[in-house]
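Shown next: input25.txt, containing compact mmCIF, C-alpha atoms.
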# COMPACT_ATOMS: atom_id res chain seq x y z
CA MET A 1358 0.00 0.00 0.00
CA PRO A 1359 1.65 3.27 -1.04
CA VAL A 1360 1.89 6.23 1.30
CA SER A 1361 2.37 9.91 0.47
CA ALA A 1362 5.26 10.68 2.83
CA TYR A 1363 6.04 9.94 6.46
CA PHE A 1364 9.10 10.73 8.56
CA PHE A 1365 9.96 9.15 11.92
CA VAL A 1366 12.83 9.99 14.26
CA PHE A 1367 13.71 8.17 17.47
CA THR A 1368 16.72 7.49 19.63
CA TRP A 1369 18.29 4.08 20.08
CA GLY A 1370 20.61 2.35 22.51
CA TRP A 1371 20.95 -0.64 24.79
CA ASP A 1372 20.46 -0.95 28.55
CA ARG A 1373 23.78 -1.45 30.31
CA HIS A 1374 25.78 -1.18 27.07
CA PRO A 1375 29.18 0.43 27.75
CA THR A 1376 29.30 2.60 24.59
CA LEU A 1377 25.69 2.69 23.30
CA PRO A 1378 23.38 3.51 26.23
CA PRO A 1379 19.68 4.26 25.60
CA GLY A 1380 19.22 7.46 23.62
CA SER A 1381 22.81 7.62 22.38
CA THR A 1382 22.10 7.19 18.66
CA THR A 1383 19.41 8.57 16.35
CA VAL A 1384 17.34 6.63 13.80
CA GLU A 1385 15.57 8.51 11.00
CA ILE A 1386 13.11 6.67 8.75
CA SER A 1387 11.28 8.15 5.79
CA LEU A 1388 8.57 6.51 3.71
CA VAL A 1389 7.88 8.12 0.33
CA ALA A 1390 5.36 7.07 -2.33
CA ASP A 1391 6.91 5.74 -5.54
CA GLY A 1392 4.33 4.74 -8.12
CA ALA A 1393 2.45 1.74 -6.75
CA GLY A 1394 5.05 1.18 -4.02
CA THR A 1395 6.86 2.94 -1.22
CA ILE A 1396 10.54 3.79 -0.76
CA LEU A 1397 11.91 3.33 2.75
CA ARG A 1398 15.03 5.30 3.65
CA LEU A 1399 16.81 4.71 6.95
CA ARG A 1400 19.64 6.67 8.54
CA HIS A 1401 21.14 5.60 11.88
CA SER A 1402 23.72 8.06 13.23
CA GLY A 1403 25.71 8.98 16.31
CA PHE A 1404 27.83 5.87 16.76
CA PRO A 1405 30.93 6.23 18.94
CA SER A 1406 33.01 3.90 16.73
CA GLU A 1407 33.19 2.51 13.22
CA ALA A 1408 32.82 -1.02 14.66
CA ASP A 1409 29.50 -0.09 16.31
CA ARG A 1410 28.30 1.53 13.06
CA ARG A 1411 29.21 -1.55 10.99
CA GLN A 1412 27.52 -3.92 13.45
CA HIS A 1413 24.28 -1.95 13.30
CA ALA A 1414 24.47 -1.56 9.50
CA ASP A 1415 24.69 -5.35 9.22
CA GLY A 1416 21.73 -5.74 11.58
CA TRP A 1417 19.60 -3.25 9.66
CA LYS A 1418 20.34 -5.11 6.40
CA ILE A 1419 18.99 -8.31 7.95
CA TYR A 1420 15.86 -6.76 9.47
CA LEU A 1421 15.02 -4.61 6.44
CA GLY A 1422 15.52 -7.65 4.19
CA ASN A 1423 13.13 -9.63 6.38
CA LEU A 1424 10.61 -6.78 6.28
CA SER A 1425 10.78 -6.65 2.49
CA GLN A 1426 10.33 -10.42 2.18
CA ARG A 1427 7.41 -10.46 4.62
CA TRP A 1428 5.72 -7.54 2.88
CA SER A 1429 5.99 -9.32 -0.48
CA GLY A 1430 4.78 -12.63 0.98
CA GLN A 1431 8.10 -14.43 0.48
CA LEU A 1432 8.73 -14.94 4.20
CA GLU A 1433 6.17 -16.15 6.72
CA PRO A 1434 5.96 -14.39 10.10
CA PRO A 1435 7.22 -16.30 13.14
CA ALA A 1436 4.77 -18.81 14.62
CA SER A 1437 4.68 -16.80 17.84
CA LEU A 1438 3.06 -13.95 15.91
CA THR A 1439 0.57 -16.03 13.93
CA ARG A 1440 -0.87 -18.26 16.63
CA GLY A 1441 -1.66 -15.68 19.25
CA GLY A 1442 1.69 -16.20 20.97
CA SER A 1443 3.72 -13.44 22.47
CA ARG A 1444 7.28 -12.49 21.78
CA GLN A 1445 9.67 -13.12 24.65

Have the structure of the file written as structure tokens, please.
Amino acid sequence: MPVSAYFFVFTWGWDRHPTLPPGSTTVEISLVADGAGTILRLRHSGFPSEADRRQHADGWKIYLGNLSQRWSGQLEPPASLTRGGSRQ
């Protein structure tokens, strides 16, 4: 389902993480209509090191790939989400 344009900004971090505490990085997501589809752009900034940036870039590739496959019907959602289960 296409959207006109949406922009989300939130902070990110991990409890008890020595270099990335909660609120230490910023995630910006934009959704822009493109014909019959939608373009998602993601920017995650504020990392204290190149290693932290690379680790999160790799993670975003995995999760955005999963989102794309689920949206297109190529990947089924986890059983915990389809049978009334809860995520732990």

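Considering the residues A:Gly1422, A:Pro1434, A:Gly1394, A:Gly1403 and counting only C-alpha atoms, Ser1381 (chain A) has its shortest atom-to-atom contact with A:Gly1403.
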
Quiz prompt | Of the listed residues A:Ile1386, A:Ala1414, A:Asp1409, A:Leu1399, that which approaches His1374 (chain A) most closely, counting only C-alpha atoms | solution =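 Of the candidates, the smallest distance to His1374 (chain A) is held by A:Asp1409.
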
Quiz item: Which residue gives the smallest distance to Ser1387 (chain A) among A:Ala1408, A:Val1366, A:Leu1432, A:Leu1421, with all atoms listed in the file counted?
Solution: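 Of all the options, A:Val1366 lies closest to Ser1387 (chain A).
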
Practice problem: With only C-alpha atoms counted, which protein, DNA or RNA residues have an atom no more than 10 Å from (10.4, 12.2, 9.7) in the file frame? Please answer as a list in words. | Solution: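 Residues close enough to count: Ala1362, Tyr1363, Phe1364, Phe1365, Val1366, Phe1367, Val1384, Glu1385, Ile1386, Ser1387 and Leu1388 of chain A.
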
Just C-alpha atoms for this one: save the residues we selected as a compact mmCIF listing (two decimals), in the coordinates of the input.
# COMPACT_ATOMS: atom_id res chain seq x y z
CA ALA A 1362 5.26 10.68 2.83
CA TYR A 1363 6.04 9.94 6.46
CA PHE A 1364 9.10 10.73 8.56
CA PHE A 1365 9.96 9.15 11.92
CA VAL A 1366 12.83 9.99 14.26
CA PHE A 1367 13.71 8.17 17.47
CA VAL A 1384 17.34 6.63 13.80
CA GLU A 1385 15.57 8.51 11.00
CA ILE A 1386 13.11 6.67 8.75
CA SER A 1387 11.28 8.15 5.79
CA LEU A 1388 8.57 6.51 3.71

Quiz item: What separation in Å, quoted to one decimal, exists between CA of His1401 (chain A) and CA of His1413 (chain A)?
Solution: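 Interatomic distance here is 8.3 Å.
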
Exercise. Quick one: pull the distance between CA of Thr1376 (chain A) and CA of Lys1418 (chain A), Å, one decimal.
Key: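 It comes out at 21.7 Å.
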
Self-check item: Distance of CA of Pro1378 (chain A) from CA of Ser1425 (chain A), expressed in Å to one decimal place
Solution: 28.7 Å

Quiz prompt | Residue nearest Trp1369 (chain A) - candidates A:Arg1411, A:Phe1404, A:Arg1398, A:Ile1419, atoms counted: all atoms listed in the file | solution =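 For Trp1369 (chain A), the nearest of the given residues is A:Phe1404.
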
Quiz item: So, counting only C-alpha atoms, which residue among A:Gln1412, A:Ser1361, A:Gln1431, A:Pro1375 is closest to Ile1396 (chain A)?
Solution: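 Closest to Ile1396 (chain A), using only C-alpha atoms: A:Ser1361.
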